[in-house]
Structure formats: C-alpha cells, structure tokens
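See below for input39.cif, which holds mmCIF, C-alpha atoms and all ligand atoms.
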data_input
loop_
_atom_site.label_atom_id
_atom_site.label_comp_id
_atom_site.auth_asym_id
_atom_site.auth_seq_id
_atom_site.Cartn_x
_atom_site.Cartn_y
_atom_site.Cartn_z
CA MET A 10 -19.21 76.12 32.06
CA SER A 11 -16.90 73.24 31.17
CA ARG A 12 -17.36 69.75 32.48
CA HIS A 13 -14.24 68.45 34.28
CA LEU A 14 -13.09 65.05 35.55
CA LEU A 15 -11.04 65.78 38.64
CA VAL A 16 -12.31 62.92 40.80
CA ALA A 17 -14.21 59.77 39.87
CA GLU A 18 -17.42 61.09 41.42
CA ASP A 19 -17.53 63.86 38.82
CA LEU A 20 -19.21 61.12 36.78
CA THR A 21 -22.45 59.40 37.78
CA ALA A 22 -22.84 55.63 37.44
CA GLN A 23 -24.91 56.23 34.28
CA GLU A 24 -22.19 58.45 32.83
CA ILE A 25 -19.50 55.85 33.56
CA GLU A 26 -21.64 53.32 31.69
CA ALA A 27 -21.96 55.80 28.81
CA VAL A 28 -18.16 56.23 28.69
CA PHE A 29 -17.75 52.42 28.77
CA ALA A 30 -20.25 52.07 25.90
CA VAL A 31 -18.33 54.55 23.73
CA THR A 32 -15.08 52.82 24.75
CA HIS A 33 -16.38 49.40 23.78
CA ASP A 34 -17.57 50.70 20.42
CA LEU A 35 -14.27 52.44 19.64
CA GLN A 36 -12.17 49.52 20.91
CA THR A 37 -14.10 47.00 18.81
CA LYS A 38 -13.55 49.14 15.72
CA PHE A 39 -9.90 49.78 16.59
CA GLU A 40 -9.32 46.03 16.79
CA GLN A 41 -10.88 45.72 13.32
CA GLY A 42 -8.45 48.36 12.02
CA ILE A 43 -11.00 51.19 12.04
CA ARG A 44 -10.03 54.50 13.66
CA GLU A 45 -13.00 56.81 14.11
CA PRO A 46 -12.02 60.43 13.28
CA LEU A 47 -14.31 61.97 15.88
CA MET A 48 -11.97 64.80 16.89
CA PRO A 49 -10.63 66.39 13.68
CA GLY A 50 -8.78 69.60 14.41
CA ARG A 51 -9.20 69.16 18.18
CA VAL A 52 -6.18 69.62 20.42
CA LEU A 53 -5.58 68.15 23.87
CA ALA A 54 -2.87 69.68 26.07
CA LEU A 55 -1.08 67.53 28.64
CA VAL A 56 0.38 69.48 31.55
CA PHE A 57 2.47 67.19 33.75
CA GLU A 58 4.33 67.99 36.95
CA LYS A 59 5.39 64.35 37.51
CA PRO A 60 6.79 61.56 35.29
CA SER A 61 4.45 59.34 33.27
CA LEU A 62 4.51 56.64 30.63
CA ARG A 63 0.98 55.20 30.45
CA THR A 64 -1.11 58.31 31.08
CA ARG A 65 0.92 60.51 28.78
CA VAL A 66 1.29 58.12 25.85
CA SER A 67 -2.22 56.67 26.05
CA PHE A 68 -3.82 60.13 25.91
CA GLN A 69 -1.54 61.26 23.11
CA THR A 70 -2.13 58.17 20.96
CA ALA A 71 -5.86 58.30 21.71
CA MET A 72 -6.00 61.81 20.24
CA VAL A 73 -4.14 60.73 17.11
CA HIS A 74 -6.49 57.75 16.65
CA LEU A 75 -9.45 60.13 16.97
CA GLY A 76 -8.08 62.39 14.25
CA GLY A 77 -6.97 65.16 16.60
CA SER A 78 -3.63 66.05 18.11
CA SER A 79 -2.01 66.73 21.46
CA LEU A 80 0.72 68.78 23.05
CA PHE A 81 2.87 67.55 25.89
CA LEU A 82 3.76 70.44 28.20
CA GLY A 83 6.48 69.67 30.72
CA ALA A 84 8.38 71.72 33.25
CA ASP A 85 9.65 74.25 30.68
CA THR A 86 6.16 75.81 30.38
CA GLY A 87 6.49 76.94 33.99
CA PHE A 88 3.21 75.47 35.23
CA ALA A 89 2.70 75.89 38.99
CA SER A 90 6.05 77.65 39.33
CA SER A 91 7.16 81.19 40.08
CA ARG A 92 7.02 81.97 36.34
CA GLU A 93 3.29 82.81 36.39
CA SER A 94 0.14 82.09 38.33
CA VAL A 95 -1.92 78.94 37.74
CA ASP A 96 -4.86 81.28 36.99
CA ASP A 97 -3.08 83.06 34.15
CA PHE A 98 -1.68 79.76 32.86
CA GLY A 99 -5.12 78.14 32.78
CA LYS A 100 -6.98 81.13 31.30
CA VAL A 101 -4.44 81.44 28.48
CA LEU A 102 -3.95 77.73 27.73
CA SER A 103 -7.67 76.99 27.61
CA GLN A 104 -8.09 79.52 24.78
CA TYR A 105 -5.72 77.49 22.58
CA VAL A 106 -6.87 73.92 23.19
CA ASP A 107 -10.06 71.86 23.48
CA GLY A 108 -9.17 69.96 26.63
CA ILE A 109 -6.42 69.71 29.26
CA VAL A 110 -5.07 66.60 30.96
CA CYS A 111 -3.15 67.57 34.04
CA ARG A 112 -0.92 65.61 36.43
CA THR A 113 -0.17 67.60 39.57
CA LYS A 114 1.75 67.24 42.78
CA SER A 115 -1.14 68.77 44.69
CA HIS A 116 -4.84 68.23 44.00
CA ASP A 117 -5.39 71.90 44.94
CA THR A 118 -3.40 72.95 41.87
CA LEU A 119 -5.65 70.83 39.67
CA GLU A 120 -8.74 72.43 41.21
CA ALA A 121 -7.26 75.89 40.71
CA LEU A 122 -6.62 75.13 37.04
CA ALA A 123 -10.13 73.74 36.51
CA ALA A 124 -11.68 76.77 38.21
CA VAL A 125 -10.39 79.09 35.47
CA SER A 126 -10.32 76.74 32.49
CA GLY A 127 -12.78 77.34 29.68
CA VAL A 128 -12.30 73.75 28.45
CA PRO A 129 -12.62 70.37 30.22
CA VAL A 130 -9.80 69.48 32.61
CA ILE A 131 -9.08 65.78 33.14
CA ASN A 132 -7.09 64.59 36.15
CA GLY A 133 -4.09 62.62 34.90
CA LEU A 134 -3.17 61.81 38.56
CA SER A 135 -2.90 64.00 41.63
CA ASP A 136 -1.85 63.17 45.17
CA ALA A 137 -5.56 62.64 45.97
CA SER A 138 -6.96 60.71 43.03
CA HIS A 139 -6.38 58.95 39.72
CA PRO A 140 -9.84 58.60 38.17
CA CYS A 141 -8.73 57.61 34.63
CA GLN A 142 -6.82 54.69 36.12
CA ALA A 143 -9.83 53.48 38.08
CA LEU A 144 -12.13 53.72 35.05
CA ALA A 145 -9.74 51.62 32.95
CA ASP A 146 -9.38 49.11 35.79
CA ILE A 147 -13.09 48.57 36.25
CA TYR A 148 -13.58 48.37 32.48
CA THR A 149 -10.91 45.63 32.46
CA LEU A 150 -12.69 43.78 35.24
CA ARG A 151 -15.94 44.00 33.26
CA GLN A 152 -14.17 42.45 30.26
CA HIS A 153 -12.99 39.52 32.39
CA VAL A 154 -16.03 38.78 34.50
CA GLY A 155 -18.80 40.23 32.32
CA ARG A 156 -20.28 42.25 35.20
CA THR A 157 -19.27 44.41 38.14
CA GLN A 158 -22.35 44.57 40.40
CA GLY A 159 -21.81 42.65 43.62
CA LEU A 160 -18.13 41.86 43.02
CA THR A 161 -15.39 42.55 45.57
CA LEU A 162 -12.23 44.46 44.76
CA THR A 163 -9.55 44.02 47.44
CA PHE A 164 -6.77 46.59 47.44
CA VAL A 165 -3.74 45.45 49.44
CA GLY A 166 -1.45 48.30 50.46
CA ASP A 167 -1.62 52.06 50.86
CA GLY A 168 -4.94 53.94 50.90
CA ASN A 169 -3.54 56.24 48.22
CA ASN A 170 -4.75 58.17 45.16
CA VAL A 171 -5.38 54.99 43.12
CA ALA A 172 -7.14 53.24 46.02
CA ARG A 173 -9.43 56.23 46.62
CA SER A 174 -10.51 56.41 42.98
CA LEU A 175 -11.05 52.65 42.83
CA ALA A 176 -13.13 52.78 46.02
CA MET A 177 -15.27 55.56 44.56
CA VAL A 178 -15.87 53.87 41.19
CA SER A 179 -16.57 50.58 43.01
CA ALA A 180 -19.16 52.30 45.18
CA LEU A 181 -20.80 53.99 42.20
CA LEU A 182 -21.08 50.69 40.31
CA GLY A 183 -22.38 48.59 43.20
CA MET A 184 -19.15 46.78 44.07
CA ARG A 185 -17.69 46.03 47.46
CA PHE A 186 -14.27 47.59 48.12
CA VAL A 187 -11.89 46.21 50.77
CA LEU A 188 -8.69 47.99 51.76
CA ALA A 189 -6.12 45.81 53.55
CA GLY A 190 -3.24 47.83 54.89
CA PRO A 191 -1.43 48.83 58.05
CA ALA A 192 -3.12 51.07 60.61
CA GLY A 193 -2.37 54.67 59.79
CA TYR A 194 -2.59 54.11 56.03
CA HIS A 195 -6.33 53.52 55.77
CA PHE A 196 -8.86 55.98 54.35
CA GLY A 197 -9.79 58.83 56.68
CA GLU A 198 -13.27 59.26 58.11
CA ASP A 199 -13.84 62.30 55.89
CA PHE A 200 -13.41 60.21 52.74
CA LEU A 201 -15.64 57.42 54.05
CA THR A 202 -18.36 59.91 54.97
CA HIS A 203 -18.01 61.55 51.55
CA VAL A 204 -18.51 58.18 49.78
CA SER A 205 -21.46 57.12 51.90
CA THR A 206 -23.12 60.52 51.43
CA LEU A 207 -22.78 60.23 47.66
CA VAL A 208 -23.63 56.53 47.50
CA PRO A 209 -25.79 55.50 50.47
CA GLY A 210 -25.20 51.82 51.20
CA ALA A 211 -21.73 51.81 49.62
CA GLU A 212 -19.65 48.97 51.04
CA ILE A 213 -16.11 50.02 51.90
CA LEU A 214 -14.34 47.87 54.45
CA GLN A 215 -10.90 48.41 55.95
CA THR A 216 -8.76 45.81 57.69
CA THR A 217 -5.19 45.12 58.70
CA ASP A 218 -5.54 41.43 57.69
CA PRO A 219 -4.67 40.86 54.01
CA ARG A 220 -5.39 37.12 54.16
CA GLU A 221 -8.96 37.61 55.28
CA ALA A 222 -9.39 40.53 52.86
CA VAL A 223 -8.59 38.63 49.66
CA ARG A 224 -10.92 35.66 50.28
CA GLY A 225 -13.76 35.74 47.74
CA ALA A 226 -12.33 38.76 45.89
CA ALA A 227 -12.83 39.12 42.15
CA VAL A 228 -9.77 41.40 42.01
CA VAL A 229 -6.65 41.60 44.14
CA TYR A 230 -5.04 44.97 43.46
CA THR A 231 -1.87 46.61 44.71
CA ASP A 232 0.23 49.71 44.04
CA VAL A 233 3.63 50.98 45.14
CA TRP A 234 4.14 51.54 48.85
CA ALA A 235 5.57 55.04 48.36
CA SER A 236 3.86 57.14 45.70
CA MET A 237 5.49 59.91 43.69
CA GLY A 238 6.23 62.72 46.12
CA GLN A 239 6.62 60.35 49.11
CA GLU A 240 10.19 59.29 48.31
CA GLN A 241 11.46 60.56 51.68
CA GLU A 242 9.10 58.13 53.47
CA ARG A 243 10.34 55.17 51.44
CA SER A 244 12.37 53.32 54.09
CA GLU A 245 9.75 53.76 56.82
CA ARG A 246 6.97 52.64 54.48
CA HIS A 247 8.93 49.60 53.38
CA LYS A 248 9.10 48.36 56.96
CA VAL A 249 5.41 48.96 57.63
CA PHE A 250 4.09 47.53 54.35
CA ARG A 251 6.28 44.40 54.20
CA PRO A 252 3.47 42.11 55.56
CA TYR A 253 1.23 43.39 52.75
CA GLN A 254 3.25 42.06 49.84
CA VAL A 255 1.04 40.34 47.23
CA ASN A 256 2.77 37.02 46.69
CA ALA A 257 1.82 33.53 45.53
CA GLU A 258 0.78 32.49 49.02
CA LEU A 259 -1.65 35.41 49.32
CA MET A 260 -3.01 34.85 45.78
CA SER A 261 -3.60 31.17 46.61
CA LEU A 262 -6.33 32.38 48.99
CA ALA A 263 -8.09 34.04 46.03
CA PRO A 264 -7.78 31.43 43.28
CA GLU A 265 -10.61 32.93 41.19
CA ALA A 266 -9.29 36.50 41.38
CA ILE A 267 -7.50 38.47 38.72
CA PHE A 268 -4.45 40.45 39.83
CA MET A 269 -4.21 44.14 38.95
CA HIS A 270 -1.61 46.87 39.39
CA CYS A 271 -1.71 50.36 37.90
CA LEU A 272 2.04 50.20 37.11
CA PRO A 273 4.83 51.15 37.41
CA ALA A 274 5.49 48.19 39.74
CA HIS A 275 8.38 47.32 42.03
CA ARG A 276 8.84 43.57 41.81
CA GLY A 277 9.97 42.08 45.11
CA GLU A 278 8.32 44.91 47.05
CA GLU A 279 4.53 45.29 46.84
CA VAL A 280 4.26 42.30 44.47
CA THR A 281 6.40 39.31 43.59
CA SER A 282 7.40 38.52 39.99
CA ASP A 283 5.56 35.21 39.99
CA VAL A 284 2.29 37.02 40.68
CA ILE A 285 2.60 40.06 38.42
CA ASP A 286 3.99 37.94 35.58
CA GLY A 287 1.80 34.95 36.40
CA PRO A 288 -1.50 33.54 35.11
CA GLN A 289 -3.81 35.59 37.35
CA SER A 290 -2.26 38.89 36.30
CA VAL A 291 -4.00 41.17 33.77
CA VAL A 292 -1.68 44.17 34.20
CA ILE A 293 -0.68 44.48 30.54
CA GLN A 294 -4.28 44.41 29.31
CA GLU A 295 -5.12 46.85 32.10
CA ALA A 296 -2.47 49.27 30.81
CA ALA A 297 -3.75 48.86 27.22
CA ASN A 298 -7.23 49.75 28.42
CA ARG A 299 -5.97 53.11 29.67
CA MET A 300 -5.88 54.15 26.01
CA HIS A 301 -9.23 52.65 25.08
CA VAL A 302 -11.13 54.07 28.04
CA GLN A 303 -9.52 57.50 27.68
CA LYS A 304 -10.53 57.49 24.03
CA GLY A 305 -14.11 56.83 25.17
CA LEU A 306 -13.78 59.52 27.83
CA ILE A 307 -12.43 62.14 25.41
CA ALA A 308 -15.13 61.36 22.84
CA TRP A 309 -17.82 61.53 25.54
CA LEU A 310 -16.48 64.54 27.45
CA LEU A 311 -15.66 66.61 24.41
CA GLY A 312 -19.17 66.24 23.16
CA HIS A 313 -19.87 62.94 21.49
CA SER A 314 -22.38 60.48 22.87
CA SER A 315 -22.38 56.77 22.12
CA GLU A 316 -25.22 57.47 19.68
CA THR A 317 -23.07 59.96 17.76
CA VAL A 318 -20.26 57.43 17.55
CA THR A 319 -22.63 54.81 16.19
CA LYS A 320 -24.15 57.24 13.67
CA THR A 321 -20.72 58.35 12.46
CA SER A 322 -19.63 54.79 11.92
CA ARG A 323 -22.74 53.97 9.90
CA ARG A 324 -21.98 56.66 7.31
N1 LIG B 401 -0.53 54.02 35.87
C1 LIG B 401 -0.06 55.21 35.46
O1 LIG B 401 -0.70 56.24 35.60
O2 LIG B 401 1.17 55.16 34.89
P1 LIG B 401 2.07 56.40 34.50
O3 LIG B 401 2.51 57.03 35.78
O4 LIG B 401 3.21 55.82 33.72
O5 LIG B 401 1.25 57.38 33.69
N1 LIG B 402 0.22 55.79 43.59
C1 LIG B 402 1.14 55.96 42.49
C2 LIG B 402 0.47 55.71 41.21
C3 LIG B 402 1.33 55.83 39.97
C4 LIG B 402 0.57 55.63 38.70
C5 LIG B 402 1.74 57.34 42.54
O1 LIG B 402 1.00 58.31 42.81
O2 LIG B 402 2.95 57.48 42.34
#

The structure in this file should be written as structure tokens.
Ligand code: CP
Ligand code: NVA
Amino acid sequence: MSRHLLVAEDLTAQEIEAVFAVTHDLQTKFEQGIREPLMPGRVLALVFEKPSLRTRVSFQTAMVHLGGSSLFLGADTGFASSRESVDDFGKVLSQYVDGIVCRTKSHDTLEALAAVSGVPVINGLSDASHPCQALADIYTLRQHVGRTQGLTLTFVGDGNNVARSLAMVSALLGMRFVLAGPAGYHFGEDFLTHVSTLVPGAEILQTTDPREAVRGAAVVYTDVWASMGQEQERSERHKVFRPYQVNAELMSLAPEAIFMHCLPAHRGEEVTSDVIDGPQSVVIQEAANRMHVQKGLIAWLLGHSSETVTKTSRR
C-alpha cells in the first residue's frame, strides 16, 4: 500500500525530522551547485483543480533538480468532472507515474484519489489542509531560530486550511499554537479533539484578541481572509476580519517575531505593505523553502532515507 501525505499528521514528529534532515542535506548541496540525481526516470504528476504558482512550480523544479520529471495536469484532463470518475482517473494515472501531487476543491476528492492510487498522493492544498506549506514554514522557522520546541506560533486571521496544518505540525513538534480571529472562524471542537488525541498535551489556544495573542510569539503568521472557493463570502469576511489586520502597530507588540505568510498576499487587507515588505518578514525565503522541503519530502516519500542521500553524495 502506498504512503500518502494528505494531512500533516500522516507524518510522525520523527518522520518530519527525517524529511527536514534530507531537506537540509539537499539544500546545502543545491546552494553549492550540486543537484543530487536521486529520482532518475521518476515522474510526478500534478493534478490541480485550483490556481497555483508556488506549489506547482516548486514541485516541478524539485523533480527536475532530482533528475526526474513532472507533468502538470489541469482542467483539460477532466479530473473530478463528469468526464470520468475519480476512481478510474486515479487507478489509471497511478499506473503511469511514481507520485501524484493533487490540489482539490474538496478534501473528500483527495481522499477518494488516494484510496485508489497505487503511488503516493501528496496534498498540494485542499479546503481542509495544506501540509506541504506548514512543513516549509516550520523548516523556515527552524532556520531562523535554530529550534522549534517551546516556541509560539500565532496565526492571526481565519482558522483555515493553512492554519489547521500549522497547528498540527506545531503540536507534533512541541510548539504552542495560538489562533487569533473573530468568533465563528476558530477551529471546531472536532479538530481540537483530534489534535489532543493524537498529541496529548498539545497547546492550541484560540482568542479574539490579536494584541494579546502576538505577545511573546516567535512567529506572527497570516493568510488571506477569503480562501480560494470562498469568493462569494469576500465582502462579509472583509468586515469581520478588519480588526485582525497584521500591521506595524500589531508587530510592535512582537518585536522578536518573524512575520510569515503563505502567499499569495493581499496588501492592505490581511497585512500591510510595511510589514510584509519590512525587516521582520521572511515570506520570500519561506516561499523558496517550499521547493527545498518538497524535494526532501519527495526523496523521503518515494523511498530515499537521509542515509541514502548521504551515501549517494559520497560516491
Ligand atoms: N502558498 C501556496 O500554496 O501558493 P500557491 O497557491 O501559489 O501554490
Ligand atoms: N488559504 C489559502 C491558501 C492559499 C495558498 C487558500 O486556500 O486559498
């Protein structure tokens, strides 16, 4: 049976550390001009139901750097449409390729694809989660602070797909996660119970007070107020989320924190230009790390351990 990454908790804390170790090794070599050909002849398919820059390009370039190739499959392949069933699509596609990255409108579609796929399926974003984003974010934090254990990540805004994955990775790695957002946009009890069942003692706090939430944080994070697929809620959300804008005044309460955003960002809405383009912001490095961490993930998930990477490079 294939190993999939549909949600962050499909990896254990030890496995996340293993992915980070492979990532660090490959990134160090990449920065020295060395591209490890760990995936010769391997093909990754990208099946996307929604737009993407970072996820799409970072996976595709990662495969090229690893000596493999990728196929971008957009709407014309008829995925999740009346053209054919997701079952048939997944059974057929997984015979041609070595792995599938999939971005879906509904998380159920992703689960249906994984259920029939004979090769690993990686979530490239669904309405419920964005695990690759969260892995790259926490890897970026590790690069800045040198550790993760005991740190606080404060997410200001909507308890959305990105927030859920960040909360889960934070819990797995011993971090405190604080969500500051309006009532009605917090995590549901089912998610909180799920996290505390998986990680007893996990610290996830929710508040409507962004000022209190950012004090002492190592990371202040935000994302758009209306995610892809929520466009019809845009004007209502803009009214409700206005007090949760991350601006210079809010960041002044967390002078030691780095600022993160998964991008794309809407300057003047969830974040002001002076913050996202300012000295506390690491958003460009964070986006670069999508490629590095996904390279580590592909190498690890498609069958190479950190040890294999090290051995290969010694030859
Ligand atoms: N952060 C992120 O996933 O960006 P894209 O939507 O451009 O892939
Ligand atoms: N929450 C956003 C993230 C985009 C990368 C969305 O789902 O549109």

Show me, as a VMD selection string, the residues that have an atom within 8 Å of A:Leu14 when counting only C-alpha atoms, minus same-chain residues fewer than 4 positions from it. chain A and resid 19 to 20 129 to 132 140

Who sits within 8 Å of stretch 58-65 of chain A, all atoms listed in the file, same chain under 6 positions skipped, as JSON, numbers by chain: {"A": [81, 83, 84, 88, 112, 113, 114, 133, 237, 296, 299]}

Excluding same-chain residues fewer than 2 positions from A:Val223, what lies within 8 Å of it counting all atoms listed in the file, as a list in words?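 In the requested format, the answer is Thr163, Pro219, Arg220, Glu221, Gly225, Ala226, Val229, Leu259, Met260, Leu262 and Ala263 of chain A.
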
Go ahead and compute the interatomic distance for atom CA of A:Val101 and atom CA of A:Pro46, in Å to one decimal.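 The value is 27.0 Å.
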
Each chain A residue no farther than 12 Å from ligand LIG 402 (chain B), nearest pair in Å, all atoms listed in the file, as a tab-separated table:
residue	atom	partner	partner_atom	distance
A:Glu58	CA	B:LIG402	O1	11.8
A:Lys59	CA	B:LIG402	O2	8.7
A:Pro60	CA	B:LIG402	O2	9.0
A:Ser61	CA	B:LIG402	C4	7.6
A:Leu62	CA	B:LIG402	C4	9.0
A:Arg63	CA	B:LIG402	C4	8.3
A:Thr64	CA	B:LIG402	C4	8.3
A:Arg65	CA	B:LIG402	C4	11.1
A:Arg112	CA	B:LIG402	O1	9.9
A:Thr113	CA	B:LIG402	O1	9.9
A:Lys114	CA	B:LIG402	O1	9.0
A:Ser115	CA	B:LIG402	O1	10.8
A:His116	CA	B:LIG402	O1	11.6
A:Gly133	CA	B:LIG402	C4	9.2
A:Leu134	CA	B:LIG402	O1	6.9
A:Ser135	CA	B:LIG402	O1	7.0
A:Asp136	CA	B:LIG402	O1	6.1
A:Ala137	CA	B:LIG402	O1	8.5
A:Ser138	CA	B:LIG402	O1	8.3
A:His139	CA	B:LIG402	C2	7.7
A:Pro140	CA	B:LIG402	C4	10.8
A:Cys141	CA	B:LIG402	C4	10.3
A:Gln142	CA	B:LIG402	C4	7.9
A:Ala143	CA	B:LIG402	C4	10.6
A:Gly166	CA	B:LIG402	N1	10.3
A:Asp167	CA	B:LIG402	N1	8.4
A:Gly168	CA	B:LIG402	N1	9.1
A:Asn169	CA	B:LIG402	N1	6.0
A:Asn170	CA	B:LIG402	N1	5.7
A:Val171	CA	B:LIG402	N1	5.7
A:Ala172	CA	B:LIG402	N1	8.2
A:Arg173	CA	B:LIG402	N1	10.1
A:Ser174	CA	B:LIG402	N1	10.8
A:Leu175	CA	B:LIG402	N1	11.7
A:Thr231	CA	B:LIG402	N1	9.5
A:Asp232	CA	B:LIG402	N1	6.1
A:Val233	CA	B:LIG402	N1	6.1
A:Trp234	CA	B:LIG402	N1	7.8
A:Ala235	CA	B:LIG402	O2	7.0
A:Ser236	CA	B:LIG402	O2	3.5
A:Met237	CA	B:LIG402	O2	3.8
A:Gly238	CA	B:LIG402	O2	7.2
A:Gln239	CA	B:LIG402	O2	8.2
A:Glu240	CA	B:LIG402	O2	9.6
A:Arg243	CA	B:LIG402	O2	11.9
A:His270	CA	B:LIG402	C4	9.1
A:Cys271	CA	B:LIG402	C4	5.8
A:Leu272	CA	B:LIG402	C4	5.8
A:Pro273	CA	B:LIG402	C4	6.3
A:Ala274	CA	B:LIG402	C3	8.7
A:His275	CA	B:LIG402	C3	11.2
A:Glu279	CA	B:LIG402	N1	11.8
A:Ala296	CA	B:LIG402	C4	10.6
A:Arg299	CA	B:LIG402	C4	11.4

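Interatomic distance, atom CA of A:His301 to atom CA of A:Val66: 11.9 Å.
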
In the coordinate frame of the file, compute which residues have an atom within 12 Å of (-15.0, 72.1, 32.8) when using only C-alpha atoms, and state them as a PDB file with C-alpha atoms, in the frame of the given file.
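Written out: selection-v6.pdb:
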ATOM      1  CA  MET A  10     -19.210  76.120  32.060  1.00  0.00           C
ATOM      2  CA  SER A  11     -16.900  73.240  31.170  1.00  0.00           C
ATOM      3  CA  ARG A  12     -17.360  69.750  32.480  1.00  0.00           C
ATOM      4  CA  HIS A  13     -14.240  68.450  34.280  1.00  0.00           C
ATOM      5  CA  LEU A  14     -13.090  65.050  35.550  1.00  0.00           C
ATOM      6  CA  LEU A  15     -11.040  65.780  38.640  1.00  0.00           C
ATOM      7  CA  ASP A  19     -17.530  63.860  38.820  1.00  0.00           C
ATOM      8  CA  GLY A  99      -5.120  78.140  32.780  1.00  0.00           C
ATOM      9  CA  SER A 103      -7.670  76.990  27.610  1.00  0.00           C
ATOM     10  CA  ASP A 107     -10.060  71.860  23.480  1.00  0.00           C
ATOM     11  CA  GLY A 108      -9.170  69.960  26.630  1.00  0.00           C
ATOM     12  CA  ILE A 109      -6.420  69.710  29.260  1.00  0.00           C
ATOM     13  CA  VAL A 110      -5.070  66.600  30.960  1.00  0.00           C
ATOM     14  CA  LEU A 119      -5.650  70.830  39.670  1.00  0.00           C
ATOM     15  CA  GLU A 120      -8.740  72.430  41.210  1.00  0.00           C
ATOM     16  CA  ALA A 121      -7.260  75.890  40.710  1.00  0.00           C
ATOM     17  CA  LEU A 122      -6.620  75.130  37.040  1.00  0.00           C
ATOM     18  CA  ALA A 123     -10.130  73.740  36.510  1.00  0.00           C
ATOM     19  CA  ALA A 124     -11.680  76.770  38.210  1.00  0.00           C
ATOM     20  CA  VAL A 125     -10.390  79.090  35.470  1.00  0.00           C
ATOM     21  CA  SER A 126     -10.320  76.740  32.490  1.00  0.00           C
ATOM     22  CA  GLY A 127     -12.780  77.340  29.680  1.00  0.00           C
ATOM     23  CA  VAL A 128     -12.300  73.750  28.450  1.00  0.00           C
ATOM     24  CA  PRO A 129     -12.620  70.370  30.220  1.00  0.00           C
ATOM     25  CA  VAL A 130      -9.800  69.480  32.610  1.00  0.00           C
ATOM     26  CA  ILE A 131      -9.080  65.780  33.140  1.00  0.00           C
ATOM     27  CA  ASN A 132      -7.090  64.590  36.150  1.00  0.00           C
ATOM     28  CA  LEU A 310     -16.480  64.540  27.450  1.00  0.00           C
ATOM     29  CA  LEU A 311     -15.660  66.610  24.410  1.00  0.00           C
TER      30      LEU A 311
END

Rank A:Val208, A:Ala227, A:Ala308, A:Ala145 by their smallest atom-to-atom distance to ligand LIG 401 (chain B), using only C-alpha atoms and all ligand atoms, and report the top residue only.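 Smallest separation from ligand LIG 401 (chain B) among the options: A:Ala145.
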